[in-house]
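Data block for target.txt (compact mmCIF, C-alpha atoms):
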# COMPACT_ATOMS: atom_id res chain seq x y z
CA MET A 1 22.55 32.76 -12.96
CA HIS A 2 22.67 35.50 -10.33
CA GLN A 3 25.85 34.54 -8.50
CA GLU A 4 25.03 35.90 -5.04
CA MET A 5 21.58 34.32 -5.02
CA ARG A 6 23.02 31.05 -6.26
CA GLN A 7 25.56 31.00 -3.44
CA TRP A 8 22.80 31.85 -0.95
CA PHE A 9 20.49 29.12 -2.24
CA ASN A 10 23.11 26.39 -2.43
CA SER A 11 24.49 27.14 1.03
CA ASN A 12 20.97 26.97 2.51
CA PHE A 13 19.73 23.99 0.52
CA THR A 14 18.89 20.75 2.31
CA ASP A 15 17.27 17.54 1.12
CA GLU A 16 14.68 18.02 3.85
CA LYS A 17 13.58 21.36 2.38
CA TYR A 18 13.36 19.83 -1.08
CA LYS A 19 11.29 16.88 0.14
CA ALA A 20 8.96 19.20 2.03
CA PHE A 21 8.59 21.34 -1.10
CA LEU A 22 7.64 18.30 -3.20
CA ALA A 23 5.28 16.96 -0.55
CA ASP A 24 3.50 20.30 -0.36
CA LEU A 25 3.06 20.38 -4.15
CA ASP A 26 1.56 16.88 -4.09
CA LYS A 27 -0.65 17.67 -1.10
CA GLU A 28 -2.28 20.71 -2.73
CA TYR A 29 -4.61 18.59 -4.87
CA ASN A 30 -3.94 15.16 -3.34
CA TYR A 31 -2.09 14.14 -6.50
CA GLN A 32 1.51 13.00 -6.94
CA ILE A 33 3.09 14.94 -9.81
CA GLU A 34 4.36 12.53 -12.45
CA PHE A 35 7.15 14.59 -13.98
CA ARG A 36 10.35 15.47 -12.17
CA VAL A 37 10.37 18.78 -10.33
CA ALA A 38 13.92 20.08 -9.93
CA GLU A 39 15.62 20.92 -6.65
CA SER A 40 16.33 24.53 -7.55
CA PRO A 41 14.75 27.58 -9.13
CA LEU A 42 16.60 29.82 -11.57
CA PHE A 43 17.56 33.31 -10.35
CA VAL A 44 17.52 35.72 -13.28
CA PRO A 45 19.49 39.00 -12.95
CA LYS A 46 18.19 42.34 -14.26
CA TYR A 47 20.45 42.49 -17.31
CA PHE A 48 19.36 39.06 -18.52
CA ARG A 49 15.71 39.92 -18.05
CA LYS A 50 16.24 42.99 -20.27
CA LYS A 51 17.84 40.81 -22.95
CA LEU A 52 14.89 38.42 -22.79
CA ILE A 53 12.46 41.30 -23.29
CA ARG A 54 14.45 42.62 -26.28
CA ALA A 55 14.54 39.14 -27.80
CA CYS A 56 10.78 38.76 -27.38
CA ASP A 57 10.18 42.17 -28.95
CA ASP A 58 12.12 41.08 -32.04
CA ILE A 59 9.98 37.95 -32.31
CA ILE A 60 6.63 39.59 -31.57
CA ASN A 61 7.26 42.23 -34.24
CA VAL A 62 7.22 39.40 -36.78
CA LEU A 63 4.05 37.87 -35.31
CA LYS A 64 2.35 41.26 -35.65
CA ARG A 65 3.19 41.65 -39.35
CA SER A 66 0.11 42.40 -41.44
CA ASP A 67 1.04 39.55 -43.78
CA TYR A 68 1.78 37.01 -41.02
CA LYS A 69 -1.24 34.87 -41.81
CA ASP A 70 -0.29 34.90 -45.46
CA ILE A 71 3.31 33.76 -44.90
CA THR A 72 2.10 30.97 -42.59
CA LYS A 73 -0.80 29.85 -44.81
CA ASN A 74 0.92 26.52 -45.45
CA ALA A 75 1.73 25.94 -41.80
CA VAL A 76 -1.62 24.38 -40.89
CA PRO A 77 -1.99 20.85 -42.37
CA ARG A 78 -5.19 20.40 -44.36
CA ASN A 79 -6.51 17.72 -42.03
CA CYS A 80 -5.97 20.02 -39.01
CA GLN A 81 -7.62 23.24 -40.19
CA VAL A 82 -10.22 24.45 -37.70
CA PRO A 83 -12.90 27.05 -38.63
CA ASN A 84 -13.46 30.41 -36.88
CA GLU A 85 -9.81 31.35 -36.46
CA ASN A 86 -9.30 34.65 -34.65
CA GLY A 87 -6.92 37.48 -35.58
CA HIS A 88 -4.00 36.37 -33.42
CA THR A 89 -3.10 33.75 -30.87
CA ASN A 90 -4.39 34.13 -27.31
CA PHE A 91 -1.40 32.31 -25.84
CA LEU A 92 2.27 32.55 -26.64
CA ALA A 93 5.23 30.64 -25.21
CA ILE A 94 8.80 31.50 -26.22
CA ASP A 95 11.65 29.18 -25.19
CA PHE A 96 15.19 30.45 -24.72
CA ALA A 97 18.38 28.59 -23.87
CA VAL A 98 20.73 30.22 -21.37
CA CYS A 99 23.94 30.76 -23.34
CA GLN A 100 26.98 33.03 -23.23
CA ASP A 101 28.15 35.69 -25.67
CA ALA A 102 31.75 36.21 -26.81
CA THR A 103 32.56 38.14 -23.61
CA GLY A 104 31.26 35.37 -21.36
CA GLU A 105 28.12 37.28 -20.35
CA PHE A 106 24.91 35.28 -20.26
CA GLU A 107 22.53 35.81 -23.18
CA PRO A 108 19.33 34.10 -24.38
CA GLN A 109 19.11 32.15 -27.62
CA LEU A 110 15.76 31.11 -29.03
CA ILE A 111 14.99 27.40 -29.07
CA GLU A 112 11.33 27.29 -30.03
CA LEU A 113 8.01 29.15 -29.81
CA GLN A 114 4.40 28.06 -29.51
CA GLY A 115 1.01 29.63 -30.12
CA PHE A 116 -0.41 27.32 -27.49
CA PRO A 117 -1.12 27.42 -23.73
CA SER A 118 1.50 26.14 -21.33
CA LEU A 119 1.34 25.43 -17.59
CA TYR A 120 0.08 28.89 -16.60
CA PHE A 121 -1.58 27.85 -13.35
CA PHE A 122 0.91 25.22 -12.20
CA GLN A 123 3.76 27.68 -12.61
CA GLU A 124 2.00 29.98 -10.21
CA LEU A 125 1.67 27.13 -7.68
CA ILE A 126 5.28 25.96 -7.94
CA ALA A 127 6.63 29.51 -7.51
CA GLU A 128 4.40 30.01 -4.46
CA LYS A 129 5.53 26.76 -2.84
CA GLY A 130 9.17 27.44 -3.70
CA ARG A 131 8.99 30.82 -1.99
CA LYS A 132 7.42 29.22 1.09
CA HIS A 133 9.88 26.34 1.53
CA TYR A 134 13.09 28.00 0.40
CA GLY A 135 12.45 31.45 1.86
CA ILE A 136 12.89 33.34 -1.43
CA PRO A 137 13.27 37.08 -0.69
CA GLU A 138 10.43 39.36 -1.86
CA LYS A 139 12.71 41.32 -4.19
CA TRP A 140 12.75 38.21 -6.42
CA GLN A 141 9.45 37.83 -8.25
CA SER A 142 7.96 35.18 -10.54
CA TYR A 143 5.22 37.48 -11.89
CA PHE A 144 5.88 40.32 -14.31
CA TYR A 145 4.91 44.00 -14.29
CA GLY A 146 3.65 44.14 -10.73
CA LEU A 147 1.08 41.36 -11.03
CA ASP A 148 -0.06 39.53 -7.92
CA LYS A 149 -2.09 36.34 -7.52
CA PRO A 150 -5.62 37.87 -7.76
CA ASN A 151 -4.72 39.98 -10.82
CA TYR A 152 -2.95 37.04 -12.42
CA HIS A 153 -6.07 34.91 -12.07
CA LYS A 154 -8.30 37.70 -13.37
CA ILE A 155 -6.20 38.33 -16.48
CA LEU A 156 -6.13 34.64 -17.35
CA LYS A 157 -9.81 34.13 -16.61
CA ASP A 158 -10.77 37.10 -18.80
CA VAL A 159 -8.90 35.60 -21.76
CA ILE A 160 -10.02 32.01 -21.17
CA THR A 161 -13.72 32.63 -20.47
CA ASN A 162 -14.29 35.89 -22.41
CA GLY A 163 -17.05 36.80 -19.96
CA HIS A 164 -19.02 33.58 -20.36
CA PRO A 165 -20.34 31.83 -17.24
CA ASP A 166 -17.85 29.31 -15.87
CA GLU A 167 -20.08 26.34 -16.65
CA ASN A 168 -20.17 27.27 -20.35
CA VAL A 169 -16.38 27.11 -20.74
CA VAL A 170 -14.33 23.89 -20.74
CA LEU A 171 -10.67 22.95 -20.84
CA LEU A 172 -10.49 20.44 -23.70
CA GLU A 173 -7.87 17.68 -23.72
CA ILE A 174 -7.39 14.02 -24.63
CA GLU A 175 -8.01 12.00 -21.47
CA PRO A 176 -6.94 14.94 -19.30
CA PHE A 177 -6.48 12.89 -16.16
CA LYS A 178 -4.07 10.53 -17.85
CA GLN A 179 -1.79 13.37 -18.99
CA LYS A 180 1.47 13.91 -17.10
CA THR A 181 0.63 17.61 -16.94
CA GLN A 182 -2.75 17.04 -15.28
CA ILE A 183 -1.57 18.97 -12.22
CA ASP A 184 -2.10 22.12 -14.29
CA PHE A 185 -5.72 21.12 -14.91
CA TYR A 186 -6.38 20.83 -11.16
CA CYS A 187 -4.77 24.23 -10.67
CA THR A 188 -6.86 25.72 -13.50
CA GLU A 189 -10.17 24.49 -12.09
CA ALA A 190 -9.30 25.73 -8.62
CA ALA A 191 -8.34 29.18 -9.95
CA ILE A 192 -11.10 29.88 -12.50
CA ASN A 193 -13.71 27.14 -11.93
CA ILE A 194 -13.76 25.51 -15.38
CA LYS A 195 -13.86 21.75 -15.86
CA SER A 196 -11.37 19.63 -17.78
CA VAL A 197 -13.21 17.56 -20.39
CA CYS A 198 -12.04 14.76 -22.69
CA VAL A 199 -12.74 15.09 -26.41
CA THR A 200 -14.73 11.84 -26.17
CA GLU A 201 -17.12 13.48 -23.68
CA ILE A 202 -18.22 16.24 -26.06
CA ILE A 203 -21.84 15.90 -27.17
CA ARG A 204 -22.76 17.41 -30.54
CA GLU A 205 -26.33 18.37 -31.37
CA GLU A 206 -26.52 20.01 -34.79
CA ASN A 207 -24.06 22.94 -34.57
CA LYS A 208 -23.92 23.17 -30.76
CA LEU A 209 -21.67 21.38 -28.26
CA TYR A 210 -22.52 20.11 -24.77
CA TYR A 211 -20.92 18.20 -21.89
CA MET A 212 -22.15 16.71 -18.65
CA ARG A 213 -21.41 18.90 -15.64
CA ASP A 214 -22.52 17.48 -12.30
CA GLY A 215 -25.05 15.30 -14.11
CA VAL A 216 -26.53 18.16 -16.14
CA LYS A 217 -26.12 18.51 -19.92
CA THR A 218 -24.46 21.91 -20.27
CA HIS A 219 -23.93 24.09 -23.33
CA ILE A 220 -20.29 24.78 -24.31
CA LYS A 221 -19.83 28.34 -25.57
CA ARG A 222 -16.03 28.58 -25.37
CA ILE A 223 -13.18 26.05 -25.42
CA TYR A 224 -9.83 26.50 -23.68
CA ASN A 225 -7.94 24.21 -26.02
CA ARG A 226 -5.17 21.90 -24.81
CA VAL A 227 -5.58 19.25 -27.54
CA ILE A 228 -2.54 18.64 -29.74
CA PHE A 229 -3.50 17.26 -33.14
CA ASP A 230 -0.46 14.97 -33.38
CA GLU A 231 -1.64 13.09 -30.31
CA LEU A 232 -5.27 13.17 -31.45
CA HIS A 233 -4.40 11.57 -34.80
CA GLN A 234 -2.40 8.86 -33.07
CA ARG A 235 -5.36 7.95 -30.88
CA THR A 236 -7.42 6.03 -33.42
CA ASP A 237 -9.13 4.23 -30.50
CA LEU A 238 -11.05 7.34 -29.47
CA LYS A 239 -14.76 7.51 -30.31
CA LEU A 240 -15.74 11.10 -31.09
CA GLN A 241 -19.12 12.71 -31.66
CA TRP A 242 -17.37 15.81 -32.96
CA ASN A 243 -14.14 16.40 -34.83
CA LEU A 244 -12.37 19.68 -34.07
CA THR A 245 -12.21 20.53 -37.77
CA GLU A 246 -16.02 20.54 -38.10
CA ALA A 247 -17.76 23.92 -37.99
CA VAL A 248 -19.84 24.46 -34.85
CA ASP A 249 -21.07 27.44 -32.87
CA VAL A 250 -18.25 27.76 -30.35
CA GLU A 251 -15.51 30.23 -29.42
CA TRP A 252 -11.88 29.26 -28.90
CA ALA A 253 -9.46 30.40 -26.22
CA GLY A 254 -6.31 29.36 -28.00
CA HIS A 255 -7.52 28.54 -31.48
CA PRO A 256 -5.92 25.27 -32.68
CA ASN A 257 -4.61 26.78 -35.93
CA TRP A 258 -2.18 28.98 -33.98
CA PHE A 259 -0.41 25.87 -32.66
CA PHE A 260 0.84 25.36 -36.23
CA ARG A 261 1.24 28.98 -37.35
CA ILE A 262 3.45 29.92 -34.38
CA SER A 263 5.87 27.02 -34.28
CA LYS A 264 9.09 25.87 -35.91
CA TYR A 265 7.47 27.11 -39.12
CA THR A 266 8.05 30.69 -37.94
CA LEU A 267 11.77 30.32 -37.20
CA PRO A 268 13.14 31.08 -40.70
CA TYR A 269 11.31 34.44 -40.67
CA LEU A 270 12.93 35.61 -37.43
CA LYS A 271 16.04 37.76 -37.67
CA SER A 272 17.63 38.76 -34.38
CA LYS A 273 20.90 38.38 -32.50
CA TYR A 274 18.92 36.19 -30.11
CA VAL A 275 17.62 33.83 -32.82
CA PRO A 276 19.95 31.21 -34.35
CA ALA A 277 20.07 31.33 -38.16
CA THR A 278 17.36 29.03 -39.53
CA SER A 279 16.31 28.06 -43.07
CA PHE A 280 13.72 25.83 -44.67
CA LEU A 281 15.67 22.83 -45.93
CA ASN A 282 14.17 23.03 -49.44
CA GLU A 283 15.53 26.59 -49.77
CA ILE A 284 19.14 25.51 -49.17
CA ASP A 285 20.98 24.78 -52.43
CA THR A 286 24.22 23.67 -50.79
CA PRO A 287 24.25 22.43 -47.18
CA PRO A 288 26.80 24.09 -44.86
CA THR A 289 30.16 22.36 -44.64
CA ASP A 290 30.06 22.60 -40.82
CA LEU A 291 26.92 20.50 -40.29
CA GLU A 292 28.15 19.63 -36.81
CA ASN A 293 27.05 23.15 -35.85
CA TYR A 294 23.45 22.62 -36.99
CA VAL A 295 20.35 20.74 -35.88
CA LEU A 296 17.79 19.27 -38.30
CA LYS A 297 14.15 19.52 -37.24
CA PRO A 298 10.92 18.32 -38.87
CA LEU A 299 8.31 21.07 -38.94
CA PHE A 300 5.55 18.79 -37.72
CA SER A 301 6.57 16.33 -35.05
CA PHE A 302 5.21 15.21 -31.69
CA ALA A 303 7.27 15.68 -28.51
CA GLY A 304 10.52 16.34 -30.38
CA THR A 305 10.52 13.15 -32.45
CA GLY A 306 12.62 13.20 -35.60
CA VAL A 307 15.04 15.89 -34.41
CA LYS A 308 18.67 15.20 -35.36
CA ILE A 309 21.31 16.96 -33.30
CA ASN A 310 24.29 15.32 -35.03
CA VAL A 311 23.48 16.01 -38.68
CA THR A 312 25.29 14.38 -41.61
CA LYS A 313 25.09 14.93 -45.38
CA ASP A 314 23.45 11.52 -45.67
CA ASP A 315 20.71 12.64 -43.29
CA ILE A 316 19.92 15.54 -45.59
CA ASN A 317 20.26 13.54 -48.81
CA ASP A 318 17.85 10.91 -47.49
CA ILE A 319 15.04 13.45 -46.98
CA GLU A 320 12.54 13.62 -49.83
CA ASP A 321 10.03 16.05 -48.30
CA ARG A 322 12.56 18.83 -47.68
CA TRP A 323 9.81 21.44 -47.36
CA ASN A 324 8.90 19.67 -44.14
CA TYR A 325 12.25 20.38 -42.41
CA ILE A 326 14.32 23.28 -41.12
CA LEU A 327 18.06 23.47 -40.59
CA MET A 328 18.86 25.55 -37.52
CA LYS A 329 22.21 26.75 -36.18
CA LYS A 330 22.96 24.78 -33.07
CA VAL A 331 22.71 26.56 -29.74
CA LYS A 332 25.52 26.08 -27.25
CA TYR A 333 24.14 25.97 -23.73
CA ALA A 334 26.21 27.54 -20.97
CA PRO A 335 26.32 26.22 -17.42
CA ALA A 336 23.54 28.41 -16.00
CA PHE A 337 24.75 27.52 -12.50
CA TYR A 338 26.53 24.83 -10.51
CA ASP A 339 24.59 22.66 -8.08
CA VAL A 340 25.62 21.63 -4.57
CA HIS A 341 27.69 18.80 -6.07
CA HIS A 342 29.56 21.41 -8.16
CA GLU A 343 28.07 19.92 -11.34
CA PRO A 344 27.05 22.27 -14.19
CA VAL A 345 23.33 22.67 -14.89
CA LYS A 346 21.89 23.89 -18.20
CA ALA A 347 18.65 25.86 -18.35
CA GLU A 348 15.84 26.86 -20.67
CA ILE A 349 13.40 29.64 -19.82
CA ARG A 350 9.93 29.63 -21.37
CA LEU A 351 8.30 33.06 -21.22
CA LEU A 352 4.51 32.88 -21.01
CA PHE A 353 2.34 35.55 -22.64
CA ILE A 354 -1.39 36.10 -23.00
CA TRP A 355 -2.89 38.06 -25.87
CA PRO A 356 -6.53 39.17 -25.52
CA ASP A 357 -8.40 39.40 -28.82
CA GLU A 358 -8.76 43.17 -28.54
CA ALA A 359 -5.14 43.84 -27.51
CA SER A 360 -2.52 45.09 -29.95
CA ASN A 361 0.32 43.35 -28.09
CA PRO A 362 0.74 40.21 -26.00
CA MET A 363 1.42 40.59 -22.27
CA LEU A 364 4.23 38.75 -20.49
CA ILE A 365 2.89 37.31 -17.23
CA ASN A 366 4.93 34.30 -16.09
CA SER A 367 7.66 31.82 -16.98
CA LEU A 368 8.62 28.18 -16.85
CA VAL A 369 12.09 26.68 -16.42
CA ARG A 370 13.56 23.35 -17.44
CA LEU A 371 16.92 22.24 -16.06
CA SER A 372 19.20 19.64 -17.62
CA LYS A 373 22.57 17.96 -17.30
CA GLY A 374 22.18 15.98 -20.52
CA GLU A 375 22.95 16.71 -24.15
CA MET A 376 19.47 18.18 -24.57
CA ILE A 377 16.60 19.29 -22.38
CA GLY A 378 14.15 16.48 -21.70
CA VAL A 379 13.53 13.36 -19.66
CA ARG A 380 15.30 10.95 -22.01
CA TYR A 381 18.58 12.90 -21.65
CA ASN A 382 18.41 13.24 -17.85
CA LYS A 383 17.60 9.80 -16.50
CA ASP A 384 19.01 9.07 -13.05
CA LYS A 385 20.23 12.66 -12.61
CA ASP A 386 19.37 15.15 -9.89
CA TRP A 387 18.95 18.94 -10.05
CA VAL A 388 17.12 18.50 -13.36
CA GLY A 389 13.49 18.74 -14.48
CA GLY A 390 10.72 21.32 -14.35
CA SER A 391 11.25 24.41 -12.25
CA MET A 392 10.48 28.12 -11.91
CA ALA A 393 12.31 31.40 -12.31
CA TYR A 394 12.54 34.32 -9.92
CA PHE A 395 13.47 37.60 -11.57
CA GLU A 396 15.41 40.37 -9.89
CA ASN A 397 13.17 43.43 -9.52
CA GLU A 398 14.04 46.62 -11.32

With the file now loaded, output its structure as C-alpha cells.
Amino acid sequence: MHQEMRQWFNSNFTDEKYKAFLADLDKEYNYQIEFRVAESPLFVPKYFRKKLIRACDDIINVLKRSDYKDITKNAVPRNCQVPNENGHTNFLAIDFAVCQDATGEFEPQLIELQGFPSLYFFQELIAEKGRKHYGIPEKWQSYFYGLDKPNYHKILKDVITNGHPDENVVLLEIEPFKQKTQIDFYCTEAAINIKSVCVTEIIREENKLYYMRDGVKTHIKRIYNRVIFDELHQRTDLKLQWNLTEAVDVEWAGHPNWFFRISKYTLPYLKSKYVPATSFLNEIDTPPTDLENYVLKPLFSFAGTGVKINVTKDDINDIEDRWNYILMKKVKYAPAFYDVHHEPVKAEIRLLFIWPDEASNPMLINSLVRLSKGEMIGVRYNKDKDWVGGSMAYFENE
C-alpha cells in the first residue's frame, strides 16, 4: 500500500529470493508448510495504521461493555458451553479488508473478528525470515509499540502459562500434527516450551487432567486452547476420555466460550465508519432492494461454509432459522498493490491482540496478512494463482 516501498520491493524481487525465503521457513523446523505463503509482504503506511487503531478502538469499546456477556448470552450453543469462563477473552483477532474511501484513500473495513488465538508465533517467524531474505529496512516493523522478540515471547508466555511450569501447560488441538497450521505449533513449543497435545491424549482422573510428557504422566493445570468445536463435533471417530464441556480443575488460556461470543454474532452491535452495516436476519422486516450489495452469513459455520456472496430474495425466503444468520453490507476490496506482473492484489489484515486477565484493555502485538486475486480471500478462490496466500505486514514507524 505504501507506494515507494512497493516500487522498491517489486524492482528488487526475484524468484530466487522467494524460493530461498520459502526454503528457510521450511528448514526452521524441518517441515514443509502446507498452505501457500505469498511472494510479498504488505507495507502499511502511517495513516492507514492510525485508521486501523481507530477502528479497533471502536470495536473494543463494545467488547468492554458491562453488559457484553448479557447481549451475547445466546451466542454459545448449549452443547458447546464450557465451565469456568473468565471475564474477557485472552486472545483477539480482528480482520480488515483493505478498501478505499470516496476520495480514493485506503481505509480498513471490518470483515470478521475472533475471540480465539491465531498464528502468533508463526507470524513472528515469517516476518523475521522476510526481513532476512528481502532486506526489509529497520524503519518497517512487524511488532507494535516497540516490542522485540524477547519481550514478544515473554508477553505471550505470561498469558498462555499464567506462571505455571511449562510442563503443566499444553496446547490443545485435534490431531495437531495433521493440521495445516501445525507450523505454528512447532514455533510455539520452540518459543515457550509447551507441548501440543491431541484431545484424544488427555487422561481424566476424577476432576483432574493429565497427559504423557516424555513418558511421564503429567498434570495439566492450564490449557492453551486451539480446538474449534465445529471440527470436534464433525470428528465422531475420536475417542475421548474427557469432553471439553465437562467441569474439571483446569485453567484456560483462551476460554472456548469466547470463540462464540466474539464472532459474527458481535457484528450487529458494532457501529463505526469502519464496520459495514450488519443486522440479524430475523430482525429485518423487509430485505433491502439492493441485495447485490450484501453478503449472507450463518452465525455458526466452519471455515466459511454457508456464506452467500451473491444473495437473492429466494435465498432469504428459504431460510427458516433466520436467527442463525446475519445480513452484512458487502465490502468492496481495493487493489492493495500491483505485483510484478502488474496484476492487482487484494489484501486482508488480521490484527492480533492479547488480553491478560488482569488488564483493562487488550494489547495489539502483531498481525497476519492474506493476499488474494480471487472474488474472496481463501484457497478455493485463488487456485493456480501467484502472489496470493498467507503473508505478513510491515508497518511504517511513527

Could you list, with a cut-off of 12 Å and counting only C-alpha atoms, the residues of region 241-298 of chain A near region 199-218 of chain A, each shown with its nearest atom pair and the distance in Å rounded to one decimal, rows sorted by chain and ascending number, as JSON lines?
{"residue": "A:Gln241", "atom": "CA", "partner": "A:Arg204", "partner_atom": "CA", "distance": 6.0}
{"residue": "A:Trp242", "atom": "CA", "partner": "A:Arg204", "partner_atom": "CA", "distance": 6.1}
{"residue": "A:Asn243", "atom": "CA", "partner": "A:Val199", "partner_atom": "CA", "distance": 8.6}
{"residue": "A:Leu244", "atom": "CA", "partner": "A:Val199", "partner_atom": "CA", "distance": 8.9}
{"residue": "A:Glu246", "atom": "CA", "partner": "A:Asn207", "partner_atom": "CA", "distance": 9.1}
{"residue": "A:Ala247", "atom": "CA", "partner": "A:Asn207", "partner_atom": "CA", "distance": 7.2}
{"residue": "A:Val248", "atom": "CA", "partner": "A:Asn207", "partner_atom": "CA", "distance": 4.5}
{"residue": "A:Asp249", "atom": "CA", "partner": "A:Lys208", "partner_atom": "CA", "distance": 5.6}
{"residue": "A:Val250", "atom": "CA", "partner": "A:Lys208", "partner_atom": "CA", "distance": 7.3}
{"residue": "A:Glu251", "atom": "CA", "partner": "A:Leu209", "partner_atom": "CA", "distance": 10.8}

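Take the candidates A:Val340, A:Ile160, A:Gln109, A:Ser301 and check each one against Thr14 (chain A) using all atoms listed in the file; the shortest distance goes to A:Val340.
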
**Report entry** Straight-line distance linking CA of Asn84 (chain A) with CA of Phe353 (chain A), stated in Å to one decimal
**Finding:**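 Calculated distance between CA of Asn84 (chain A) and CA of Phe353 (chain A) is 21.9 Å.
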
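Using all atoms listed in the file, the smallest distance between any of A:Arg78, A:Arg65, A:Lys297, A:Lys385 and Phe260 (chain A) comes from A:Arg78.
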
Query raised in the report: So which residues fall inside 12 Å of (0.0, 38.8, -36.9) if we count only C-alpha atoms? Mind giving them as a PyMOL selection string?
Result: chain A and resi 59-73+86-90+115+258+261-262+266+355+357+359-362

Query raised in the report: Which is closest to Cys99 (chain A) among A:Gly130, A:Pro77, A:Pro344, A:Pro335, if we use all atoms listed in the file?
Result: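 Closest residue, counting all atoms listed in the file: A:Pro335.
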
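Residue nearest Ala102 (chain A), chosen from A:Asn12, A:Glu4, A:Ala334, A:Phe395 and counting all atoms listed in the file: A:Ala334.
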
Grab all the atoms of region 364-369 of chain A that the file lists, wrap them in a box along x, y and z, add 8 Å per side, and give me centre plus edge lengths in Å (one decimal) as lines of an AutoDock Vina configuration file.
center_x = 7.5
center_y = 32.7
center_z = -18.3
size_x = 25.2
size_y = 28.1
size_z = 20.4

Report task. Have a look at A:Asp166, A:Asp184, A:Glu124, A:Asp148 and name the one nearest to Glu34 (chain A); count all atoms listed in the file. Result -> A:Asp184

Query raised in the report: Which residue, A:Arg36, A:Lys195, A:Arg6, A:Lys51, has the smallest gap to Arg380 (chain A) when you use all atoms listed in the file?
Result: A:Arg36

Query raised in the report: Leaving out region 16-22 of chain A and any residue of its chain fewer than 6 positions from it, which residues lie within 9 Å of it when counting all atoms listed in the file, given as number ranges by chain?
Result: A: 32-33, 37-40, 126, 129-130, 132-134

What would region 44-60 of chain A look like with N, CA and C atoms restored, written as a PDB file, in the frame of the given file?
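This went into selection-v5.pdb:
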ATOM      1  N   VAL A  44      17.213  34.984 -12.054  1.00  0.00           N
ATOM      2  CA  VAL A  44      17.520  35.720 -13.280  1.00  0.00           C
ATOM      3  C   VAL A  44      17.863  37.173 -12.951  1.00  0.00           C
ATOM      4  N   PRO A  45      19.088  37.619 -13.247  1.00  0.00           N
ATOM      5  CA  PRO A  45      19.490  39.000 -12.950  1.00  0.00           C
ATOM      6  C   PRO A  45      18.815  40.000 -13.893  1.00  0.00           C
ATOM      7  N   LYS A  46      18.862  41.275 -13.498  1.00  0.00           N
ATOM      8  CA  LYS A  46      18.190  42.340 -14.260  1.00  0.00           C
ATOM      9  C   LYS A  46      18.639  42.379 -15.715  1.00  0.00           C
ATOM     10  N   TYR A  47      19.946  42.309 -15.942  1.00  0.00           N
ATOM     11  CA  TYR A  47      20.450  42.490 -17.310  1.00  0.00           C
ATOM     12  C   TYR A  47      19.956  41.376 -18.227  1.00  0.00           C
ATOM     13  N   PHE A  48      19.829  40.169 -17.687  1.00  0.00           N
ATOM     14  CA  PHE A  48      19.360  39.060 -18.520  1.00  0.00           C
ATOM     15  C   PHE A  48      17.871  39.194 -18.805  1.00  0.00           C
ATOM     16  N   ARG A  49      17.138  39.662 -17.836  1.00  0.00           N
ATOM     17  CA  ARG A  49      15.710  39.920 -18.050  1.00  0.00           C
ATOM     18  C   ARG A  49      15.524  40.925 -19.191  1.00  0.00           C
ATOM     19  N   LYS A  50      16.340  41.979 -19.208  1.00  0.00           N
ATOM     20  CA  LYS A  50      16.240  42.990 -20.270  1.00  0.00           C
ATOM     21  C   LYS A  50      16.544  42.369 -21.635  1.00  0.00           C
ATOM     22  N   LYS A  51      17.527  41.482 -21.681  1.00  0.00           N
ATOM     23  CA  LYS A  51      17.840  40.810 -22.950  1.00  0.00           C
ATOM     24  C   LYS A  51      16.672  39.931 -23.394  1.00  0.00           C
ATOM     25  N   LEU A  52      16.045  39.245 -22.456  1.00  0.00           N
ATOM     26  CA  LEU A  52      14.890  38.420 -22.790  1.00  0.00           C
ATOM     27  C   LEU A  52      13.765  39.266 -23.395  1.00  0.00           C
ATOM     28  N   ILE A  53      13.523  40.421 -22.795  1.00  0.00           N
ATOM     29  CA  ILE A  53      12.460  41.300 -23.290  1.00  0.00           C
ATOM     30  C   ILE A  53      12.788  41.781 -24.705  1.00  0.00           C
ATOM     31  N   ARG A  54      14.052  42.164 -24.938  1.00  0.00           N
ATOM     32  CA  ARG A  54      14.450  42.620 -26.280  1.00  0.00           C
ATOM     33  C   ARG A  54      14.285  41.494 -27.296  1.00  0.00           C
ATOM     34  N   ALA A  55      14.667  40.287 -26.908  1.00  0.00           N
ATOM     35  CA  ALA A  55      14.540  39.140 -27.800  1.00  0.00           C
ATOM     36  C   ALA A  55      13.072  38.890 -28.153  1.00  0.00           C
ATOM     37  N   CYS A  56      12.211  38.972 -27.147  1.00  0.00           N
ATOM     38  CA  CYS A  56      10.780  38.760 -27.380  1.00  0.00           C
ATOM     39  C   CYS A  56      10.202  39.851 -28.274  1.00  0.00           C
ATOM     40  N   ASP A  57      10.646  41.075 -28.088  1.00  0.00           N
ATOM     41  CA  ASP A  57      10.180  42.170 -28.950  1.00  0.00           C
ATOM     42  C   ASP A  57      10.507  41.891 -30.416  1.00  0.00           C
ATOM     43  N   ASP A  58      11.725  41.409 -30.672  1.00  0.00           N
ATOM     44  CA  ASP A  58      12.120  41.080 -32.040  1.00  0.00           C
ATOM     45  C   ASP A  58      11.190  40.023 -32.646  1.00  0.00           C
ATOM     46  N   ILE A  59      10.831  39.048 -31.840  1.00  0.00           N
ATOM     47  CA  ILE A  59       9.980  37.950 -32.310  1.00  0.00           C
ATOM     48  C   ILE A  59       8.538  38.419 -32.494  1.00  0.00           C
ATOM     49  N   ILE A  60       8.029  39.153 -31.522  1.00  0.00           N
ATOM     50  CA  ILE A  60       6.630  39.590 -31.570  1.00  0.00           C
ATOM     51  C   ILE A  60       6.395  40.551 -32.734  1.00  0.00           C
TER      52      ILE A  60
END
